[in-house]
Amino acid sequence: MPNTIIIGSGSYLPNRVVGRDFFLDSEFYTEDGVKIDKPAEETIAKFVEITEIENRRFIDEDLSNSQIGFEAAKIAIADAKIDQEELDYIIYASNFGEVTVNGYVDFMPTMAARVKNKLGIKNRKCVTYDMIFGCPGWVEAMILADNLIKANVAKTILVIGAETLSRVTDPHDRNRMIFADGAGAVVVKATDEENVGIIAHNTICDNGPELNYLANGPSINQESDQTRLFVRMQGRKIYEYALKNVPAAIKETIEDAKLSIEDIDKILIHQANAKMDYAMIDRLHKLYDVKDYDHSISPMTVQDLGNTSVATIPTMFDLIIKGNMAGHSFKDKGNIVMTSVGAGMNINAIVYKFP
């Protein structure tokens, strides 16, 4: 049975850096629709204290989700040194597809098909799929790619994660300061080498009471237009759910790979806010009765890039492997975890061993 290895990566970070001053003129409301009677500066400062998100990146008006996904894909294909006509599949993870500047969501044609078109790929048997799976979408797309390769259905697959969340946030919701734009992509390929690449993975879907922890809804300012939908988040419930379930899912996946926490060099975890990530990594180590550990095991980008949803992990992978994230690198033949939690609620994790 073949294994799945990453042979190239790419990312796109928008040029526009958005700091706290961008939100100073905002009128924020509570989740119950009550206007917050305090200066915006105070609300923003409290937000930064909790999440550590000081900056985020937004795309310019003339750009689109498929365009930044295409930019990341071009770099990944060049890095992989392959002929793009060799691609058997393109799998594109996003939550909102092609979002216009006025918030219109468009998934037809698929995002993957748009990128294939932009790349100019002529191969009619290059299949284009979209993965809509919440923030864990890119990790799940990698799991799908691994399954296709292990089933001998495909040999070479382009996996993209891109999002333009700046276009789907409620201007009156404090949570809008979490979200950002970006794209990341990798090319994966089948190999006959044993015990390399994706050596274990797990996915959990809790779609009961957790279903609407992350969902779309009208503005929390009830005096504004109630026909347009925005991303809505029940932050406290998500935090409690993630802390309870994500560490256990990571541990199960590490055990499935017949490894332990000391065998893991890096954990690339989806980043919604720093406080939640710190808590999940700490809880994971406690499951192994480890109190003291090197916190560099879990690189952080959320402080400067914000929450880019499906783009977070492939972007971080690309930055690290190319030496563009200070203080972080991957060990030769080392093991890393890639894991995410998000709308659904869905959780997934991969253990990846470098060849």
# chains A, B, ... in the order shown; residues from 1 in each chain; ligands from 1

call {"tool": "select_by_dssp", "arguments": {"residues": "range 32-214 of chain A", "states": "strand (DSSP E)", "output": "PyMOL selection string"}}
result
chain A and resi 56-58+89-93+98-99+105-106+127-131+156-164+181-191+197-205+214

call {"tool": "select_by_dssp", "arguments": {"residues": "range 47-260 of chain A", "states": "helix (DSSP H, G or I)", "output": "PyMOL selection string"}}
result
chain A and resi 47-51+65-80+84-86+111-119+137-150+165-167+174-177+209-212+235-256

call {"tool": "closest_atom_pairs", "arguments": {"of": "range 182-299 of chain A", "to": "range 78-97 of chain A", "cutoff": "9 Å", "atoms": "only C-alpha atoms", "output": "CSV"}}
result
residue,atom,partner,partner_atom,distance
A:Ala185,CA,A:Tyr92,CA,8.9
A:Val186,CA,A:Ala80,CA,8.5
A:Val187,CA,A:Ala80,CA,6.6
A:Val188,CA,A:Ala80,CA,8.7

call {"tool": "residues_around", "arguments": {"residues": "Pro2 in chain A", "least_positions_apart": "5", "cutoff": "9 Å", "atoms": "only C-alpha atoms", "output": "PDB file with C-alpha atoms, in the first residue's frame"}}
result
ATOM      1  CA  ILE A 149      -3.618   7.487  -2.735  1.00  0.00           C
ATOM      2  CA  LYS A 150      -3.826   4.437  -0.479  1.00  0.00           C
ATOM      3  CA  ALA A 151      -6.702   3.139  -2.604  1.00  0.00           C
ATOM      4  CA  ASN A 152      -4.486   3.506  -5.702  1.00  0.00           C
ATOM      5  CA  ALA A 190       2.313   8.438  -3.540  1.00  0.00           C
ATOM      6  CA  THR A 191       5.495   6.705  -2.409  1.00  0.00           C
ATOM      7  CA  ASP A 192       6.393   3.064  -1.828  1.00  0.00           C
ATOM      8  CA  GLU A 193       8.699   4.049   1.038  1.00  0.00           C
ATOM      9  CA  GLU A 194       7.434   2.535   4.280  1.00  0.00           C
TER      10      GLU A 194
END

call {"tool": "closest_residue", "arguments": {"among": "A:Ser296, A:Gln303, A:Asn221, A:Ser166", "to": "Gly327 in chain A", "atoms": "only C-alpha atoms"}}
result
A:Ser296

call {"tool": "atom_distance", "arguments": {"atom1": "CA of Asp106 in chain A", "atom2": "CA of Ser64 in chain A"}}
result
11.1 Å

call {"tool": "residues_around", "arguments": {"residues": "Lys266 in chain A", "least_positions_apart": "2", "cutoff": "6 Å", "atoms": "only C-alpha atoms", "output": "list of chain:residue names"}}
result
A:Ile264, A:Ile297, A:Ser298, A:Ile336

call {"tool": "closest_atom_pairs", "arguments": {"of": "range 253-352 of chain A", "to": "range 233-247 of chain A", "cutoff": "8 Å", "atoms": "only C-alpha atoms", "output": "Markdown table"}}
result
| residue | atom | partner | partner_atom | distance |
| --- | --- | --- | --- | --- |
| A:Met276 | CA | A:Tyr239 | CA | 6.4 |
| A:Ala279 | CA | A:Leu243 | CA | 6.8 |
| A:Met280 | CA | A:Leu243 | CA | 5.4 |
| A:Ile281 | CA | A:Pro247 | CA | 7.0 |
| A:Arg283 | CA | A:Pro247 | CA | 6.2 |
| A:Leu284 | CA | A:Pro247 | CA | 4.6 |
| A:Leu287 | CA | A:Pro247 | CA | 7.9 |
| A:Ser340 | CA | A:Val246 | CA | 8.0 |
| A:Val341 | CA | A:Ala242 | CA | 6.9 |
| A:Ile347 | CA | A:Val246 | CA | 6.7 |

call {"tool": "write_last_selection", "arguments": {"atoms": "C-alpha atoms", "output": "PDB file, in the first residue's frame"}}
result
ATOM      1  CA  MET A 276      -7.440  28.355  23.540  1.00  0.00           C
ATOM      2  CA  ALA A 279      -4.873  25.462  26.896  1.00  0.00           C
ATOM      3  CA  MET A 280      -5.292  22.595  24.413  1.00  0.00           C
ATOM      4  CA  ILE A 281      -1.551  21.928  24.124  1.00  0.00           C
ATOM      5  CA  ARG A 283      -4.107  19.646  28.346  1.00  0.00           C
ATOM      6  CA  LEU A 284      -2.569  17.281  25.780  1.00  0.00           C
ATOM      7  CA  LEU A 287      -2.821  13.458  29.346  1.00  0.00           C
ATOM      8  CA  SER A 340      -7.930  21.370  13.781  1.00  0.00           C
ATOM      9  CA  VAL A 341     -11.348  21.982  15.325  1.00  0.00           C
ATOM     10  CA  ILE A 347     -12.128  17.659  14.921  1.00  0.00           C
TER      11      ILE A 347
END

call {"tool": "atom_distance", "arguments": {"atom1": "CA of Asn307 in chain A", "atom2": "CA of Ile178 in chain A"}}
result
5.7 Å

call {"tool": "closest_residue", "arguments": {"among": "A:Ala274, A:Cys126, A:Ile350, A:Ala180", "to": "Phe47 in chain A", "atoms": "only C-alpha atoms"}}
result
A:Ala274

call {"tool": "residues_around", "arguments": {"residues": "Glu54 in chain A", "least_positions_apart": "5", "cutoff": "12 Å", "atoms": "only C-alpha atoms", "output": "ChimeraX atom specification"}}
result
/A:17-23,44-49,177-180,273-274,301-307

call {"tool": "residues_around", "arguments": {"residues": "range 256-258 of chain A", "least_positions_apart": "5", "cutoff": "7 Å", "atoms": "only C-alpha atoms", "output": "list of chain:residue names"}}
result
A:Ile199, A:Ala200, A:Val351

call {"tool": "residues_around", "arguments": {"residues": "Lys322 in chain A", "least_positions_apart": "3", "cutoff": "12 Å", "atoms": "only C-alpha atoms", "output": "ChimeraX atom specification"}}
result
/A:8-11,75-76,79,315-319,325-326,328-330

call {"tool": "closest_residue", "arguments": {"among": "A:Gly184, A:Pro355, A:Gly197, A:Pro314", "to": "Asp332 in chain A", "atoms": "only C-alpha atoms"}}
result
A:Pro355

call {"tool": "closest_residue", "arguments": {"among": "A:Thr203, A:Asn175, A:Thr253, A:Gln271", "to": "Ile220 in chain A", "atoms": "only C-alpha atoms"}}
result
A:Asn175

call {"tool": "closest_residue", "arguments": {"among": "A:Met345, A:Val310, A:Ile50, A:Met1", "to": "Pro209 in chain A", "atoms": "only C-alpha atoms"}}
result
A:Met345

call {"tool": "closest_residue", "arguments": {"among": "A:Lys333, A:Asn202, A:Gly33, A:Val139", "to": "Glu223 in chain A", "atoms": "only C-alpha atoms"}}
result
A:Gly33

call {"tool": "atom_distance", "arguments": {"atom1": "CA of Tyr213 in chain A", "atom2": "CA of Glu140 in chain A"}}
result
19.5 Å
